[in-house]
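Before any comments, here is the structure.
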Amino acid sequence: MYYRLKSCYSMRGWKGMSWVLVKRPENYIETLKQDKFQVLMLCDGETELPGNLLDEELRDMLKQCEAEGIIEPCEKPCSLEPDQYYRFYANRFVMKVFWSITGRCNFRCRHCYMDAPEAKLGELSTEEALNLIDQMAECGVLRVDITGGEPLVRKDLWELVDRICSYKMVIGSFHTNGWLLNEKTLDAFEQRGLKPEISISFDGVGWHDWMRGITGAEEDALRALRLCHDRGFSTNVGMCIHRGNINSLPETVKALTKAGVSYLKTANIDETDLWRCHSDGNAMTRQEYTEAMIPYIRWYYDTGKPIEYLDIGGVAYLQRDKPGELRVSHYDGTEKCLDSYLCGAVRWSCYITPEGRLLPCMPMTACKEQERFPKVQEIGLKHGLDDSFYMQFVNGRVKDLLEVNQECASCEFRYKCGGGCRAAALLADHELMGCDRGKCMFWKNGYDEKIQKAMDEAVEKCIEN
């Protein structure tokens, strides 16, 4: 008897993560233990099994893999597809690349990280962009999330999408302001067998036009969201909170749910140079934002949980069918945190700017410190993901921060906070290893306890009623 991987599975490995099973087309991964990896490597459709190659323990694993639907028996030899055979990538595993394919935009947002109306970061040429996609494939990238600027302003967008698809990489999400999104856009995705989640910002009923600098942006964002919902594309919305729109959240939730949106995330606006110049007095400190958003925990429960998921950034994650969660990264308060990575999110993803710079995240585009990070077209993505300043950051630990930041090292909350977010520190202190002032405020004022108390009281009141 012969066994082969079912056609939807491929075997892969990366530096530091050698035994991985990938399920197509979603590109879900399963990190394998040695025995399962060993068995699946033999299920190539050409090796007779179980034969003398498997002991009793591995025979049991063979049966388990068949029961899980990973492999299938063959009466005669039947080789795998080329993509299914094991391939090892000599670089760090990256599940997702978040890629700004352009710095150009048709809006004039007051807070843009990259000053998109002026396109100060430009964009790669078609040839350079296609080459970057080729490099992603050579590094074993499984998912690409597309953003901008406004990605729909690139005339070669679908050429880039087709190159991504040719390597069986998934386009997981597509970030757009919605203005140019129409039936043809969604048709183009569907014709390629794609159904990415569409992410559209919406900054409050009565305030979205002001924030985005374009008359009619609010109406068109809601139109685009309704269209996506009607066509079966899932959507999510981000809402930038400021002093002007803070009271519009209930009306905004009502408008969004009517447009078929089930997930809304709010966020305080990072203090970019652009926002400092154009906020018109509406900028809020992190403490002002936190104080303003805590009452919405009670509102969410009192109004019958009007949206399925309300992610109050930096405060609480509320959902209809599960208890609320504190929405701030934190550690257990012991020295165990010292060996934790400075940034957990960057362990599985990376961000590439319109000019091809490899960064931990998009907010860092607003900081001069970004220039320390490499451009892919200069050193190559594989080198960037293996041996570069970027990798020095990715591998940085909390203890590395505390060694050079005496203010954090002497703080009583250092084992809970772990130094906070590096992008936030750059925006506040202009130092990669500086202090995240928002986290300082959060922990020193006991907001973890205040938020948990607000959630507990809201749930208790809901039960009473």
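Chains: A, B, ... in order of the structure tokens. Residues: from 1 per chain. Ligands: from 1, in order shown.
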
Near Ile29 in chain A, counting only C-alpha atoms, which residues have an atom at most 10 Å away, once you skip same-chain residues fewer than 4 positions from it, shown as a list in words?
Tyr9, Ser10, Met11, Arg12, Val20, Leu21, Val22, Lys23, Arg24, Met95 and Leu142 of chain A

Within range 292-428 of chain A, find each residue whose DSSP state, derived from the backbone, is alpha helix (DSSP H), and express the selection as a ChimeraX atom specification.
/A:292-293,295-302,376-379,381-384,389-394,398-404,406-409,414-417,422-428

Filtered DSSP result for range 33-206 of chain A, state strand (DSSP E or B), as a PyMOL selection string:
chain A and resi 44-48+71-74+87-92+96-100+143-147+170-175+197-201

Surrounding residues of range 220-235 of chain A excluding itself and chain neighbours under 2 positions, 7 Å, only C-alpha atoms, as a PyMOL selection string:
chain A and resi 177-179+181+195+197-199+202+216-218+237+259-261

Those same residues, written as a CSV table (one decimal), in the first residue's frame with all heavy atoms?
chain,number,residue,atom,x,y,z
A,177,ASN,N,-9.8,53.0,1.4
A,177,ASN,CA,-10.7,54.0,2.0
A,177,ASN,C,-12.1,53.8,1.4
A,177,ASN,O,-13.0,54.5,1.8
A,177,ASN,CB,-10.2,55.4,1.7
A,177,ASN,CG,-9.9,55.8,0.3
A,177,ASN,OD1,-10.7,55.4,-0.6
A,177,ASN,ND2,-8.8,56.4,0.0
A,178,GLY,N,-12.3,53.0,0.4
A,178,GLY,CA,-13.6,52.7,-0.1
A,178,GLY,C,-14.0,53.5,-1.3
A,178,GLY,O,-15.0,53.1,-2.0
A,179,TRP,N,-13.4,54.6,-1.5
A,179,TRP,CA,-13.9,55.6,-2.6
A,179,TRP,C,-13.9,54.9,-3.9
A,179,TRP,O,-14.8,55.1,-4.7
A,179,TRP,CB,-13.0,56.8,-2.5
A,179,TRP,CG,-13.5,57.9,-3.4
A,179,TRP,CD1,-13.2,58.1,-4.7
A,179,TRP,CD2,-14.3,59.1,-3.0
A,179,TRP,NE1,-13.8,59.3,-5.2
A,179,TRP,CE2,-14.4,59.9,-4.1
A,179,TRP,CE3,-14.8,59.4,-1.8
A,179,TRP,CZ2,-15.2,61.1,-4.1
A,179,TRP,CZ3,-15.6,60.6,-1.7
A,179,TRP,CH2,-15.7,61.4,-2.9
A,181,LEU,N,-13.6,51.6,-4.5
A,181,LEU,CA,-14.1,50.2,-4.5
A,181,LEU,C,-15.5,50.1,-5.1
A,181,LEU,O,-16.4,50.8,-4.7
A,181,LEU,CB,-14.1,49.7,-3.0
A,181,LEU,CG,-14.3,48.2,-2.9
A,181,LEU,CD1,-13.5,47.7,-1.7
A,181,LEU,CD2,-15.8,47.9,-2.7
A,195,LYS,N,-11.3,36.1,-1.7
A,195,LYS,CA,-12.3,36.7,-0.9
A,195,LYS,C,-11.7,37.3,0.3
A,195,LYS,O,-11.9,37.0,1.5
A,195,LYS,CB,-13.4,35.6,-0.4
A,195,LYS,CG,-14.8,36.2,-0.3
A,195,LYS,CD,-15.6,36.1,-1.5
A,195,LYS,CE,-17.0,36.5,-1.3
A,195,LYS,NZ,-17.9,36.3,-2.5
A,197,GLU,N,-10.7,39.8,3.4
A,197,GLU,CA,-11.5,40.7,4.3
A,197,GLU,C,-11.2,42.1,3.9
A,197,GLU,O,-10.0,42.5,3.7
A,197,GLU,CB,-11.1,40.5,5.7
A,197,GLU,CG,-11.9,41.3,6.7
A,197,GLU,CD,-11.6,40.9,8.2
A,197,GLU,OE1,-10.4,40.7,8.5
A,197,GLU,OE2,-12.6,40.9,9.0
A,198,ILE,N,-12.2,42.9,3.7
A,198,ILE,CA,-12.1,44.3,3.3
A,198,ILE,C,-12.1,45.2,4.6
A,198,ILE,O,-13.0,45.2,5.4
A,198,ILE,CB,-13.2,44.8,2.4
A,198,ILE,CG1,-13.3,43.8,1.2
A,198,ILE,CG2,-12.9,46.2,1.9
A,198,ILE,CD1,-12.1,43.7,0.3
A,199,SER,N,-11.0,46.0,4.7
A,199,SER,CA,-10.8,46.8,5.9
A,199,SER,C,-11.0,48.3,5.5
A,199,SER,O,-10.2,48.8,4.6
A,199,SER,CB,-9.5,46.6,6.6
A,199,SER,OG,-9.3,47.4,7.7
A,202,PHE,N,-13.5,54.3,9.3
A,202,PHE,CA,-14.7,55.1,9.4
A,202,PHE,C,-14.6,55.9,10.7
A,202,PHE,O,-14.7,55.3,11.8
A,202,PHE,CB,-15.9,54.3,9.3
A,202,PHE,CG,-17.2,55.1,9.2
A,202,PHE,CD1,-17.6,55.6,8.0
A,202,PHE,CD2,-17.9,55.5,10.3
A,202,PHE,CE1,-18.8,56.4,7.9
A,202,PHE,CE2,-19.0,56.3,10.3
A,202,PHE,CZ,-19.5,56.7,9.0
A,216,GLY,N,-17.8,63.9,1.1
A,216,GLY,CA,-18.5,62.7,0.6
A,216,GLY,C,-17.8,61.4,1.0
A,216,GLY,O,-18.3,60.3,0.7
A,217,ALA,N,-16.7,61.5,1.7
A,217,ALA,CA,-16.0,60.3,2.1
A,217,ALA,C,-16.8,59.4,3.0
A,217,ALA,O,-16.8,58.1,2.9
A,217,ALA,CB,-14.7,60.6,2.8
A,218,GLU,N,-17.6,60.0,3.9
A,218,GLU,CA,-18.4,59.2,4.9
A,218,GLU,C,-19.5,58.4,4.1
A,218,GLU,O,-19.6,57.2,4.4
A,218,GLU,CB,-19.1,60.2,5.9
A,218,GLU,CG,-20.0,59.5,6.9
A,218,GLU,CD,-20.6,60.5,7.9
A,218,GLU,OE1,-19.9,61.4,8.3
A,218,GLU,OE2,-21.7,60.3,8.3
A,237,VAL,N,-13.8,47.5,10.5
A,237,VAL,CA,-13.7,49.0,10.5
A,237,VAL,C,-12.8,49.4,11.6
A,237,VAL,O,-12.9,48.9,12.7
A,237,VAL,CB,-15.1,49.7,10.5
A,237,VAL,CG1,-14.9,51.1,10.8
A,237,VAL,CG2,-15.8,49.4,9.2
A,259,ALA,N,-24.8,48.7,7.9
A,259,ALA,CA,-24.0,48.4,6.7
A,259,ALA,C,-23.4,47.0,6.7
A,259,ALA,O,-22.7,46.7,5.8
A,259,ALA,CB,-22.9,49.5,6.5
A,260,GLY,N,-23.8,46.2,7.7
A,260,GLY,CA,-23.3,44.8,7.7
A,260,GLY,C,-22.0,44.6,8.4
A,260,GLY,O,-21.4,43.5,8.3
A,261,VAL,N,-21.5,45.6,9.1
A,261,VAL,CA,-20.2,45.5,9.8
A,261,VAL,C,-20.4,44.8,11.2
A,261,VAL,O,-21.3,45.2,11.9
A,261,VAL,CB,-19.6,46.9,10.0
A,261,VAL,CG1,-18.3,46.7,10.8
A,261,VAL,CG2,-19.3,47.5,8.7

Quick one: residues within 9 Å of Cys367 in chain A, only C-alpha atoms, excluding same-chain residues fewer than 5 positions away - as a VMD selection string?
chain A and resid 113 272 423 426 to 427 430

The selected residues should be written to file as an mmCIF file, in the first residue's frame (atoms: all heavy atoms).
data_model
loop_
_atom_site.group_PDB
_atom_site.id
_atom_site.type_symbol
_atom_site.label_atom_id
_atom_site.label_comp_id
_atom_site.auth_asym_id
_atom_site.auth_seq_id
_atom_site.Cartn_x
_atom_site.Cartn_y
_atom_site.Cartn_z
ATOM 1 N N TYR A 113 0.379 58.349 8.493
ATOM 2 C CA TYR A 113 1.749 58.013 8.891
ATOM 3 C C TYR A 113 2.765 58.436 7.835
ATOM 4 O O TYR A 113 3.893 58.789 8.142
ATOM 5 C CB TYR A 113 1.888 56.498 9.118
ATOM 6 C CG TYR A 113 1.210 55.990 10.357
ATOM 7 C CD1 TYR A 113 0.257 54.973 10.281
ATOM 8 C CD2 TYR A 113 1.516 56.507 11.609
ATOM 9 C CE1 TYR A 113 -0.368 54.487 11.412
ATOM 10 C CE2 TYR A 113 0.885 56.033 12.750
ATOM 11 C CZ TYR A 113 -0.053 55.014 12.644
ATOM 12 O OH TYR A 113 -0.663 54.547 13.775
ATOM 13 N N THR A 272 1.516 61.854 15.077
ATOM 14 C CA THR A 272 2.393 62.094 13.937
ATOM 15 C C THR A 272 2.545 63.603 13.753
ATOM 16 O O THR A 272 1.749 64.402 14.261
ATOM 17 C CB THR A 272 1.813 61.495 12.656
ATOM 18 O OG1 THR A 272 0.561 62.147 12.365
ATOM 19 C CG2 THR A 272 1.556 60.000 12.816
ATOM 20 N N ALA A 423 7.071 51.270 18.774
ATOM 21 C CA ALA A 423 6.605 52.325 17.877
ATOM 22 C C ALA A 423 6.079 53.508 18.677
ATOM 23 O O ALA A 423 6.345 54.670 18.348
ATOM 24 C CB ALA A 423 5.529 51.789 16.945
ATOM 25 N N LEU A 426 8.948 55.435 20.010
ATOM 26 C CA LEU A 426 9.566 56.268 18.976
ATOM 27 C C LEU A 426 8.774 57.559 18.761
ATOM 28 O O LEU A 426 9.354 58.641 18.631
ATOM 29 C CB LEU A 426 9.645 55.492 17.669
ATOM 30 C CG LEU A 426 10.867 54.594 17.481
ATOM 31 C CD1 LEU A 426 10.701 53.737 16.229
ATOM 32 C CD2 LEU A 426 12.135 55.417 17.385
ATOM 33 N N LEU A 427 7.457 57.447 18.734
ATOM 34 C CA LEU A 427 6.630 58.625 18.508
ATOM 35 C C LEU A 427 6.679 59.584 19.689
ATOM 36 O O LEU A 427 6.603 60.796 19.513
ATOM 37 C CB LEU A 427 5.185 58.193 18.235
ATOM 38 C CG LEU A 427 4.936 57.564 16.863
ATOM 39 C CD1 LEU A 427 3.604 56.834 16.830
ATOM 40 C CD2 LEU A 427 4.987 58.628 15.770
ATOM 41 N N HIS A 430 11.145 59.512 20.683
ATOM 42 C CA HIS A 430 12.036 59.549 19.523
ATOM 43 C C HIS A 430 13.265 58.658 19.718
ATOM 44 O O HIS A 430 14.343 58.925 19.191
ATOM 45 C CB HIS A 430 12.470 60.984 19.217
ATOM 46 C CG HIS A 430 11.321 61.932 19.053
ATOM 47 N ND1 HIS A 430 10.465 61.878 17.974
ATOM 48 C CD2 HIS A 430 10.857 62.932 19.859
ATOM 49 C CE1 HIS A 430 9.525 62.815 18.108
ATOM 50 N NE2 HIS A 430 9.742 63.461 19.234
#

For CA of Ala90 in chain A and CA of Ser388 in chain A, determine how far apart the two atoms are, in Å to one decimal place.
14.1 Å

Pick from A:Ala424, A:Leu32, A:Ile146, A:Ile451 nearest to Arg286 in chain A, counting only C-alpha atoms:
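With only C-alpha atoms as the atom set, the closest residue is A:Ala424.
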
Pick from A:Gly438, A:Gly149, A:Gly304, A:Gly16, whichever lies nearest to Met284 in chain A using only C-alpha atoms
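Closest to Met284 in chain A, using only C-alpha atoms: A:Gly438.
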
Here is a test: counting only C-alpha atoms, which residue of A:Leu124, A:Cys65, A:Cys343, A:Leu58 is nearest to Tyr3 in chain A?
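When distances to Tyr3 in chain A are compared using only C-alpha atoms, the smallest one comes from A:Cys65.
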
Using only C-alpha atoms, determine which residues lie at most 9 Å from Ile133 in chain A, disregarding the query and same-chain residues fewer than 3 positions distant; provide the list as a PyMOL selection string.
chain A and resi 128-130+136-138+160+163-164+167

Would you mind exporting C-alpha atoms of the selected residues as a tab-separated table (two decimals), in the first residue's frame?
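Written out: result-v1.tsv:
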chain	number	residue	atom	x	y	z
A	128	GLU	CA	10.51	46.19	-8.44
A	129	ALA	CA	7.14	45.22	-6.93
A	130	LEU	CA	6.98	41.98	-8.91
A	136	MET	CA	8.42	36.75	-0.70
A	137	ALA	CA	7.82	33.39	-2.36
A	138	GLU	CA	11.51	32.50	-2.03
A	160	LEU	CA	0.64	42.33	-8.55
A	163	ARG	CA	1.81	37.35	-9.18
A	164	ILE	CA	0.97	36.82	-5.49
A	167	TYR	CA	2.79	31.41	-5.68

As an MDAnalysis selection string, please: the residues near Pro354 in chain A (cut-off 8 Å, only C-alpha atoms, same-chain neighbours under 6 positions excluded).
chainID A and resid 99:103 121:124 148

Shortest interatomic distance to Tyr351 in chain A - which of A:Val398, A:Leu385, A:Val161, A:Leu318, counting only C-alpha atoms:
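Among the listed residues, the smallest separation from Tyr351 in chain A belongs to A:Leu385.
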
Point-to-point distance in Å for CA of Thr290 in chain A and CA of Pro306 in chain A:
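The value is 20.9 Å.
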